[in-house]
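J.: One structure follows; several queries about it will come next.
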Amino acid sequence: MFTNRLRKNLREVGRWARREHIDCYRLYDADMPEYAFALDVYRAEQTWVVAQEYEAPASIPKARAAARRETVLASVAALLELPAERVVFKTRRRHRGHGQYLRLACEDVLHEVREDGCRLLVNFSDRVDTGLFLDHRPLRRMVHDLASGRRFLNLFAYTGAASVHAAAGGALATTSVDLSATYLDWARRNLALNGFVDEAHALIQADCLAWLNEPREGEPYGLILLDVPTFSNSKRMTGTLDVQRDHAMLIRLAARLLSADGVLLFSNHLRRFRMDHRSLADAGLAVEDITRETIPRDFARNPRIHNCWRIRRRAERRARRSRRDASNA
Ligand SMILES: C[S@@+](CC[C@H](N)C(=O)[O-])C[C@H]1O[C@@H](n2cnc3c(N)ncnc32)[C@H](O)[C@@H]1O
C-alpha cells in the first residue's frame, strides 16, 4: 500500500514539479499515518531523497519502526531508481528550541540545486534541515518578484536563499542578519555561487532583536523578510526568543526600517500562531494574511506548515514616512 501511494504521488506531485521546473519538492508527507515520514526529493547533480521520520511514539516496538523504515527505503529506492545511499534518513523529534539545527554528522558535503534560476547549496547528511525550507519556495519567489529596485533586509537569514532570490530579482542591495557564523558562511557561499560578491551584499552576525534595537542610520529598506524561528535560546543572545510572545515587537521594530511604500513579509512555523492585530494596528501597520497563497502544491496536505503575512504602513503613515524620507534625503 505504501508503494502504491508513493507511485500515485510520483505521478501527480512529481509530474506537477516537472511541469513547474521545480527540482526540490515534498513527495510524501505522512499521507498514511502508519508511515509517518516526510519524503523530500532533491534533484542535484544526482537525485537524493531526504526521509524525515516523525519520531514514533514509545508504544511502537522498535522492531516494527525499523521494519517500516526498511519498507520506505526499498520503495523509494525502487520507484525513483536510486541507490540506497542516496536515501538519507533523519528523525525529527517533537521538541522546541534549537534542536533541529543541531549537527547530526560532520561531512560538510554541499550539493547544488536550482530554484527559479538561482543556484543554492544544500546538505543532506549533517543536520535535520538541509539549508532550504521547501515550504517557503513561494515566499522566496515572492521576494524575487518584489525585489527589483529595492533594498532587501533578510532577518534570521539562515542560509541566505531569500537574499539570493532578492539579488537575482534585481535588489539594489541585500543585508542578511543571523546569529550563526556557520549559516552566514553558507549564505555567503550561496550569494557567491550566483555572482553576488560585492559590498552591496552585507552579511551581519548578530542577534536580530539586539540589532533591531540599535539605532540605525542609512537608507530604509523597500523589502524586509522576517522569518522568525518558533523558539530560540542560543548562548549568543541574551534571554530567549519566542515567536508568539515576541512577534509584535519584532514586526514593529523591523517596520521602522521600512521605506514609505515598503513591504515586510513575516512568517513562522508555529502551528497555533495568533497574530497580535491590535498591537500592529496601533503602530499604523496594515496586516494581510497571505498564508494560503504561500502554501505550495506539494505541501497542500499540511496547510499549517507555516503562516505568512504581508505588512505595510497604513496610507496615512506612508505619507508621513514619505515626507520624513524626503527631508532626510
Ligand atoms: C530561518 S529561521 C527559522 C526558520 C523557520 N521559521 C523555523 O521555525 O524553523 C532559522 C535561523 O534563525 C537563526 N536564529 C535563531 N535565533 C536568532 C537570533 N536571535 N538572531 C538571529 N538569528 C537567529 C538561526 O541561526 C537560523 O539560521
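Residue numbering restarts at 1 in every chain; chains get A, B, ... in the order shown in the C-alpha cells, and ligands count up from 1 in that same order.
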Please extract the residues at most 6 Å from ligand 1, counting only C-alpha atoms and all ligand atoms, and provide them as a PyMOL selection string, using the chain letters and residue numbers of this document.
T.: chain A and resi 156-158+178-180+183+206-208+227-230+232+268-269
J.: Need to verify the contact set: region 253-264 of chain A, 9 Å, only C-alpha atoms, exclusion of same-chain residues closer than 2 positions in sequence. Can you return it as a PyMOL selection string?
T.: chain A and resi 146+150+155+209+212-213+216+219-226+248-251+266+285+309-313+317-325
J.: So which residues touch region 1-12 of chain A within 10 Å, counting only C-alpha atoms, skipping near sequence neighbours fewer than 6 positions away, as a short mmCIF file (atom, residue, chain, number, x, y, z; two decimals) with C-alpha atoms, in the first residue's frame?
T.:
data_model
loop_
_atom_site.label_atom_id
_atom_site.label_comp_id
_atom_site.auth_asym_id
_atom_site.auth_seq_id
_atom_site.Cartn_x
_atom_site.Cartn_y
_atom_site.Cartn_z
CA ARG A 26 7.97 17.18 -0.95
CA LEU A 27 6.83 13.90 -2.41
CA TYR A 28 5.06 12.39 0.58
CA ASP A 31 -0.12 10.56 3.86
CA MET A 32 -0.57 7.18 5.58
CA GLU A 34 1.29 4.34 9.88
CA TYR A 35 4.15 5.60 7.68
CA LEU A 39 9.96 12.45 1.90
CA ARG A 68 8.73 0.46 8.31
CA THR A 71 9.81 -0.61 3.54
CA VAL A 72 10.19 3.10 2.92
CA ALA A 74 13.00 -0.22 -0.51
CA SER A 75 10.00 1.56 -2.09
CA VAL A 76 11.76 4.89 -2.57
CA ALA A 78 12.90 1.12 -6.39
CA LEU A 79 10.43 3.73 -7.61
CA LEU A 80 12.95 6.54 -8.03
CA ASP A 298 3.46 19.82 -2.55
#
J.: Do you have the CA of Gln52 (chain A)-CA of Val128 (chain A) distance handy?
T.: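 So the two atoms, CA of Gln52 (chain A) and CA of Val128 (chain A), lie 7.7 Å apart.
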J.: Name the residues of region 135-314 of chain A that fall into strand (DSSP E or B) according to DSSP on the backbone, using the chain letters and numbers of this document, as a PDB file with N, CA and C atoms, in the first residue's frame.
T.:
ATOM      1  N   ARG A 151      15.986  47.916  -1.670  1.00  0.00           N
ATOM      2  CA  ARG A 151      16.995  47.370  -0.757  1.00  0.00           C
ATOM      3  C   ARG A 151      16.312  46.301   0.080  1.00  0.00           C
ATOM      4  N   PHE A 152      16.965  45.129   0.221  1.00  0.00           N
ATOM      5  CA  PHE A 152      16.332  43.970   0.865  1.00  0.00           C
ATOM      6  C   PHE A 152      17.018  43.649   2.183  1.00  0.00           C
ATOM      7  N   LEU A 153      16.207  43.467   3.209  1.00  0.00           N
ATOM      8  CA  LEU A 153      16.723  43.063   4.526  1.00  0.00           C
ATOM      9  C   LEU A 153      16.177  41.678   4.864  1.00  0.00           C
ATOM     10  N   ASN A 154      17.087  40.743   5.123  1.00  0.00           N
ATOM     11  CA  ASN A 154      16.714  39.361   5.434  1.00  0.00           C
ATOM     12  C   ASN A 154      17.067  39.086   6.901  1.00  0.00           C
ATOM     13  N   LEU A 155      16.044  39.071   7.758  1.00  0.00           N
ATOM     14  CA  LEU A 155      16.299  38.850   9.192  1.00  0.00           C
ATOM     15  C   LEU A 155      16.136  37.366   9.506  1.00  0.00           C
ATOM     16  N   ALA A 173      20.470  46.176  -3.071  1.00  0.00           N
ATOM     17  CA  ALA A 173      21.422  45.696  -2.060  1.00  0.00           C
ATOM     18  C   ALA A 173      20.693  44.676  -1.204  1.00  0.00           C
ATOM     19  N   THR A 174      21.450  43.771  -0.569  1.00  0.00           N
ATOM     20  CA  THR A 174      20.830  42.852   0.383  1.00  0.00           C
ATOM     21  C   THR A 174      21.632  42.892   1.682  1.00  0.00           C
ATOM     22  N   THR A 175      20.904  42.786   2.805  1.00  0.00           N
ATOM     23  CA  THR A 175      21.549  42.665   4.111  1.00  0.00           C
ATOM     24  C   THR A 175      20.966  41.428   4.770  1.00  0.00           C
ATOM     25  N   SER A 176      21.835  40.477   5.137  1.00  0.00           N
ATOM     26  CA  SER A 176      21.376  39.241   5.767  1.00  0.00           C
ATOM     27  C   SER A 176      21.894  39.216   7.199  1.00  0.00           C
ATOM     28  N   VAL A 177      20.981  39.087   8.155  1.00  0.00           N
ATOM     29  CA  VAL A 177      21.380  39.082   9.562  1.00  0.00           C
ATOM     30  C   VAL A 177      21.038  37.724  10.174  1.00  0.00           C
ATOM     31  N   ASP A 178      22.015  37.110  10.826  1.00  0.00           N
ATOM     32  CA  ASP A 178      21.781  35.832  11.506  1.00  0.00           C
ATOM     33  C   ASP A 178      22.787  35.705  12.644  1.00  0.00           C
ATOM     34  N   HIS A 201      26.179  43.322  -0.835  1.00  0.00           N
ATOM     35  CA  HIS A 201      25.527  42.193  -0.166  1.00  0.00           C
ATOM     36  C   HIS A 201      26.190  41.959   1.190  1.00  0.00           C
ATOM     37  N   ALA A 202      25.564  42.532   2.227  1.00  0.00           N
ATOM     38  CA  ALA A 202      26.164  42.500   3.558  1.00  0.00           C
ATOM     39  C   ALA A 202      25.669  41.290   4.347  1.00  0.00           C
ATOM     40  N   LEU A 203      26.589  40.712   5.118  1.00  0.00           N
ATOM     41  CA  LEU A 203      26.251  39.585   5.987  1.00  0.00           C
ATOM     42  C   LEU A 203      26.621  40.010   7.411  1.00  0.00           C
ATOM     43  N   ILE A 204      25.658  39.984   8.303  1.00  0.00           N
ATOM     44  CA  ILE A 204      25.907  40.517   9.643  1.00  0.00           C
ATOM     45  C   ILE A 204      25.589  39.446  10.686  1.00  0.00           C
ATOM     46  N   GLN A 205      26.603  39.151  11.509  1.00  0.00           N
ATOM     47  CA  GLN A 205      26.355  38.181  12.583  1.00  0.00           C
ATOM     48  C   GLN A 205      25.857  38.938  13.807  1.00  0.00           C
ATOM     49  N   TYR A 221      14.704  50.185   4.009  1.00  0.00           N
ATOM     50  CA  TYR A 221      14.598  49.007   3.133  1.00  0.00           C
ATOM     51  C   TYR A 221      13.235  48.986   2.446  1.00  0.00           C
ATOM     52  N   GLY A 222      13.231  48.650   1.171  1.00  0.00           N
ATOM     53  CA  GLY A 222      11.962  48.562   0.439  1.00  0.00           C
ATOM     54  C   GLY A 222      11.301  47.205   0.617  1.00  0.00           C
ATOM     55  N   LEU A 223      12.106  46.221   1.061  1.00  0.00           N
ATOM     56  CA  LEU A 223      11.559  44.868   1.228  1.00  0.00           C
ATOM     57  C   LEU A 223      12.276  44.201   2.407  1.00  0.00           C
ATOM     58  N   ILE A 224      11.484  43.690   3.346  1.00  0.00           N
ATOM     59  CA  ILE A 224      12.079  43.016   4.512  1.00  0.00           C
ATOM     60  C   ILE A 224      11.436  41.641   4.654  1.00  0.00           C
ATOM     61  N   LEU A 225      12.275  40.639   4.869  1.00  0.00           N
ATOM     62  CA  LEU A 225      11.762  39.298   5.187  1.00  0.00           C
ATOM     63  C   LEU A 225      12.102  39.010   6.639  1.00  0.00           C
ATOM     64  N   LEU A 226      11.063  38.656   7.400  1.00  0.00           N
ATOM     65  CA  LEU A 226      11.236  38.365   8.827  1.00  0.00           C
ATOM     66  C   LEU A 226      10.672  36.960   9.049  1.00  0.00           C
ATOM     67  N   ASP A 227      11.544  35.957   8.891  1.00  0.00           N
ATOM     68  CA  ASP A 227      11.120  34.553   9.035  1.00  0.00           C
ATOM     69  C   ASP A 227      11.661  34.067  10.379  1.00  0.00           C
ATOM     70  N   VAL A 228      10.819  34.125  11.376  1.00  0.00           N
ATOM     71  CA  VAL A 228      11.276  34.002  12.762  1.00  0.00           C
ATOM     72  C   VAL A 228      11.232  32.540  13.228  1.00  0.00           C
ATOM     73  N   PHE A 231      11.223  29.234  18.358  1.00  0.00           N
ATOM     74  CA  PHE A 231      11.834  29.476  19.656  1.00  0.00           C
ATOM     75  C   PHE A 231      13.342  29.447  19.484  1.00  0.00           C
ATOM     76  N   SER A 232      14.028  30.324  20.195  1.00  0.00           N
ATOM     77  CA  SER A 232      15.481  30.325  20.095  1.00  0.00           C
ATOM     78  C   SER A 232      16.064  30.683  21.457  1.00  0.00           C
ATOM     79  N   LEU A 241      13.966  33.832  22.586  1.00  0.00           N
ATOM     80  CA  LEU A 241      13.082  34.409  21.577  1.00  0.00           C
ATOM     81  C   LEU A 241      11.918  33.430  21.401  1.00  0.00           C
ATOM     82  N   ASP A 242      10.718  33.936  21.518  1.00  0.00           N
ATOM     83  CA  ASP A 242       9.529  33.098  21.403  1.00  0.00           C
ATOM     84  C   ASP A 242       8.607  33.819  20.424  1.00  0.00           C
ATOM     85  N   LEU A 258      11.470  50.231   7.344  1.00  0.00           N
ATOM     86  CA  LEU A 258      10.805  50.081   6.051  1.00  0.00           C
ATOM     87  C   LEU A 258      10.618  51.450   5.378  1.00  0.00           C
ATOM     88  N   SER A 259      10.843  51.505   4.057  1.00  0.00           N
ATOM     89  CA  SER A 259      10.593  52.766   3.332  1.00  0.00           C
ATOM     90  C   SER A 259       9.081  53.017   3.306  1.00  0.00           C
ATOM     91  N   ALA A 260       8.705  54.208   2.864  1.00  0.00           N
ATOM     92  CA  ALA A 260       7.280  54.600   2.920  1.00  0.00           C
ATOM     93  C   ALA A 260       6.391  53.556   2.242  1.00  0.00           C
ATOM     94  N   ASP A 261       6.799  53.103   1.048  1.00  0.00           N
ATOM     95  CA  ASP A 261       5.948  52.131   0.334  1.00  0.00           C
ATOM     96  C   ASP A 261       6.514  50.707   0.461  1.00  0.00           C
ATOM     97  N   GLY A 262       7.317  50.484   1.495  1.00  0.00           N
ATOM     98  CA  GLY A 262       7.993  49.192   1.657  1.00  0.00           C
ATOM     99  C   GLY A 262       7.038  48.065   2.053  1.00  0.00           C
ATOM    100  N   VAL A 263       7.506  46.834   1.811  1.00  0.00           N
ATOM    101  CA  VAL A 263       6.715  45.637   2.133  1.00  0.00           C
ATOM    102  C   VAL A 263       7.521  44.779   3.096  1.00  0.00           C
ATOM    103  N   LEU A 264       6.860  44.358   4.172  1.00  0.00           N
ATOM    104  CA  LEU A 264       7.508  43.453   5.125  1.00  0.00           C
ATOM    105  C   LEU A 264       6.780  42.117   5.044  1.00  0.00           C
ATOM    106  N   LEU A 265       7.525  41.045   4.755  1.00  0.00           N
ATOM    107  CA  LEU A 265       6.933  39.712   4.736  1.00  0.00           C
ATOM    108  C   LEU A 265       7.335  39.022   6.026  1.00  0.00           C
ATOM    109  N   PHE A 266       6.333  38.613   6.794  1.00  0.00           N
ATOM    110  CA  PHE A 266       6.596  37.982   8.095  1.00  0.00           C
ATOM    111  C   PHE A 266       6.084  36.549   8.044  1.00  0.00           C
ATOM    112  N   SER A 267       6.886  35.631   8.594  1.00  0.00           N
ATOM    113  CA  SER A 267       6.476  34.233   8.562  1.00  0.00           C
ATOM    114  C   SER A 267       7.014  33.486   9.772  1.00  0.00           C
ATOM    115  N   ASN A 268       6.363  32.393  10.106  1.00  0.00           N
ATOM    116  CA  ASN A 268       6.912  31.486  11.127  1.00  0.00           C
ATOM    117  C   ASN A 268       6.256  30.121  10.966  1.00  0.00           C
ATOM    118  N   LEU A 285       0.213  49.841  11.162  1.00  0.00           N
ATOM    119  CA  LEU A 285       0.579  48.844  10.152  1.00  0.00           C
ATOM    120  C   LEU A 285      -0.658  48.103   9.648  1.00  0.00           C
ATOM    121  N   ALA A 286      -0.694  47.881   8.348  1.00  0.00           N
ATOM    122  CA  ALA A 286      -1.783  47.103   7.739  1.00  0.00           C
ATOM    123  C   ALA A 286      -1.264  45.680   7.531  1.00  0.00           C
ATOM    124  N   VAL A 287      -2.015  44.703   8.019  1.00  0.00           N
ATOM    125  CA  VAL A 287      -1.539  43.317   8.032  1.00  0.00           C
ATOM    126  C   VAL A 287      -2.489  42.441   7.216  1.00  0.00           C
ATOM    127  N   GLU A 288      -1.907  41.677   6.290  1.00  0.00           N
ATOM    128  CA  GLU A 288      -2.707  40.819   5.413  1.00  0.00           C
ATOM    129  C   GLU A 288      -2.211  39.376   5.554  1.00  0.00           C
ATOM    130  N   ASP A 289      -3.116  38.470   5.804  1.00  0.00           N
ATOM    131  CA  ASP A 289      -2.727  37.061   5.916  1.00  0.00           C
ATOM    132  C   ASP A 289      -2.580  36.481   4.497  1.00  0.00           C
ATOM    133  N   ASN A 307       2.818  29.996   8.560  1.00  0.00           N
ATOM    134  CA  ASN A 307       1.862  31.083   8.319  1.00  0.00           C
ATOM    135  C   ASN A 307       2.676  32.271   7.819  1.00  0.00           C
ATOM    136  N   CYS A 308       2.014  33.113   7.033  1.00  0.00           N
ATOM    137  CA  CYS A 308       2.762  34.164   6.346  1.00  0.00           C
ATOM    138  C   CYS A 308       1.887  35.416   6.191  1.00  0.00           C
ATOM    139  N   TRP A 309       2.512  36.566   6.345  1.00  0.00           N
ATOM    140  CA  TRP A 309       1.763  37.829   6.382  1.00  0.00           C
ATOM    141  C   TRP A 309       2.485  38.903   5.592  1.00  0.00           C
ATOM    142  N   ARG A 310       1.675  39.730   4.880  1.00  0.00           N
ATOM    143  CA  ARG A 310       2.251  40.883   4.173  1.00  0.00           C
ATOM    144  C   ARG A 310       1.878  42.128   4.972  1.00  0.00           C
ATOM    145  N   ILE A 311       2.890  42.921   5.316  1.00  0.00           N
ATOM    146  CA  ILE A 311       2.672  44.057   6.216  1.00  0.00           C
ATOM    147  C   ILE A 311       3.178  45.330   5.540  1.00  0.00           C
ATOM    148  N   ARG A 312       2.346  46.346   5.591  1.00  0.00           N
ATOM    149  CA  ARG A 312       2.717  47.656   5.020  1.00  0.00           C
ATOM    150  C   ARG A 312       2.302  48.723   6.003  1.00  0.00           C
ATOM    151  N   ARG A 313       2.805  49.927   5.778  1.00  0.00           N
ATOM    152  CA  ARG A 313       2.295  51.058   6.566  1.00  0.00           C
ATOM    153  C   ARG A 313       0.884  51.398   6.100  1.00  0.00           C
TER     154      ARG A 313
END
J.: List the spatial neighbours of His306 (chain A) as a ChimeraX atom specification - criterion: any atom at most 9 Å away, only C-alpha atoms, same-chain residues fewer than 3 positions off excluded.
T.: /A:135-136,267-271,291,294-295,302-303
J.: Those residues you just picked out, can you put them in a file as a tab-separated table (two decimals), in the first residue's frame with N, CA and C atoms?
T.:
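Just written: result.tsv:
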chain	number	residue	atom	x	y	z
A	135	ASP	N	8.96	24.42	1.95
A	135	ASP	CA	7.61	25.02	2.02
A	135	ASP	C	7.66	26.52	1.72
A	136	HIS	N	8.83	27.13	1.85
A	136	HIS	CA	8.94	28.57	1.61
A	136	HIS	C	9.32	28.92	0.17
A	267	SER	N	6.89	35.63	8.59
A	267	SER	CA	6.48	34.23	8.56
A	267	SER	C	7.01	33.49	9.77
A	268	ASN	N	6.36	32.39	10.11
A	268	ASN	CA	6.91	31.49	11.13
A	268	ASN	C	6.26	30.12	10.97
A	269	HIS	N	6.78	29.15	11.70
A	269	HIS	CA	6.30	27.77	11.58
A	269	HIS	C	5.51	27.29	12.80
A	270	LEU	N	5.00	28.23	13.58
A	270	LEU	CA	4.23	27.83	14.77
A	270	LEU	C	2.79	27.52	14.34
A	271	ARG	N	2.38	26.26	14.55
A	271	ARG	CA	1.06	25.84	14.05
A	271	ARG	C	-0.08	26.65	14.64
A	291	THR	N	-1.08	33.44	3.96
A	291	THR	CA	-0.65	32.04	4.15
A	291	THR	C	-1.08	31.17	2.97
A	294	THR	N	0.91	31.22	-0.06
A	294	THR	CA	2.32	30.83	0.08
A	294	THR	C	2.48	29.34	0.43
A	295	ILE	N	1.37	28.60	0.40
A	295	ILE	CA	1.49	27.14	0.61
A	295	ILE	C	1.57	26.48	-0.75
A	302	ASN	N	-0.64	19.78	4.23
A	302	ASN	CA	-0.20	20.28	5.53
A	302	ASN	C	-0.26	21.82	5.51
A	303	PRO	N	-1.46	22.40	5.34
A	303	PRO	CA	-1.53	23.85	5.10
A	303	PRO	C	-1.13	24.69	6.30
J.: At what distance in Å, to one decimal, does CA of Gly160 (chain A) lie from CA of Arg297 (chain A)?
T.: 23.3 Å
J.: At most 12 Å is the cut-off: for each residue in region 7-65 of chain A with any atom that close to an atom of region 119-123 of chain A, write down the nearest atom pair and the distance in Å rounded to one decimal, counting only C-alpha atoms, chain first then increasing number, as a Markdown table.
T.:
| residue | atom | partner | partner_atom | distance |
| --- | --- | --- | --- | --- |
| A:Asp23 | CA | A:Arg119 | CA | 11.2 |
| A:Cys24 | CA | A:Val122 | CA | 10.5 |
| A:Tyr42 | CA | A:Val122 | CA | 9.1 |
| A:Arg43 | CA | A:Val122 | CA | 10.8 |
| A:Ala44 | CA | A:Val122 | CA | 8.9 |
| A:Glu45 | CA | A:Leu121 | CA | 11.4 |
| A:Trp48 | CA | A:Asn123 | CA | 10.7 |
| A:Val49 | CA | A:Asn123 | CA | 11.7 |
| A:Val50 | CA | A:Asn123 | CA | 10.1 |
J.: Keeping C-alpha atoms, export the residues of the selection given above as a PDB file, in the first residue's frame.
T.:
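Ended up saving to selection_5.pdb:
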ATOM      1  CA  ASP A  23      13.769  20.382  -8.705  1.00  0.00           C
ATOM      2  CA  CYS A  24      13.254  20.052  -4.932  1.00  0.00           C
ATOM      3  CA  TYR A  42      16.223  16.935  -4.333  1.00  0.00           C
ATOM      4  CA  ARG A  43      17.391  16.865  -7.919  1.00  0.00           C
ATOM      5  CA  ALA A  44      21.002  17.943  -7.520  1.00  0.00           C
ATOM      6  CA  GLU A  45      23.761  16.630  -9.801  1.00  0.00           C
ATOM      7  CA  TRP A  48      18.575  12.375  -3.494  1.00  0.00           C
ATOM      8  CA  VAL A  49      15.672  11.734  -1.140  1.00  0.00           C
ATOM      9  CA  VAL A  50      15.663  13.007   2.422  1.00  0.00           C
TER      10      VAL A  50
END
J.: May I ask which of the residues A:Arg278, A:Ala166, A:Thr159, A:Glu53 is the closest one to Gly117 (chain A), counting only C-alpha atoms?
T.: A:Ala166
J.: Measuring between only C-alpha atoms, which one of A:Leu82, A:Ala187, A:Val41, A:Val197 shows the shortest distance to Ala17 (chain A)?
T.: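 The shortest atom-to-atom distance to Ala17 (chain A) comes from A:Val41.
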J.: For a test of reading the model, state the distance in Å between CA of Gly14 (chain A) and CA of Ala300 (chain A), rounded to one decimal.
T.: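 Interatomic distance, CA of Gly14 (chain A) to CA of Ala300 (chain A): 14.0 Å.
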J.: How would you write, as a list in words, the set of residues in region 6-116 of chain A that DSSP gives as alpha helix (DSSP H)?
T.: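 So, restricting region 6-116 of chain A to alpha helix (DSSP H), we get Leu6, Arg7, Lys8, Asn9, Arg15, Trp16, Ala17, Arg18, Arg19, Lys62, Ala63, Arg64, Ala65, Ala66, Ala67, Arg68, Arg69, Glu70, Thr71, Val72, Leu73, Ala74, Ser75, Val76, Ala77, Ala78, Leu79 and Leu80 of chain A.
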J.: Given the choices A:Gly149, A:Leu139, A:Arg252, A:Ala63, which gets closest to His165 (chain A) if the distance is worked out from only C-alpha atoms?
T.: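 So, comparing all the options, the nearest one is A:Leu139.
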J.: Closest to Arg236 (chain A) among A:Arg69, A:Ala56, A:Ala210, A:Val88, using only C-alpha atoms?
T.: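 Ranked by minimum distance to Arg236 (chain A), first place goes to A:Ala210.
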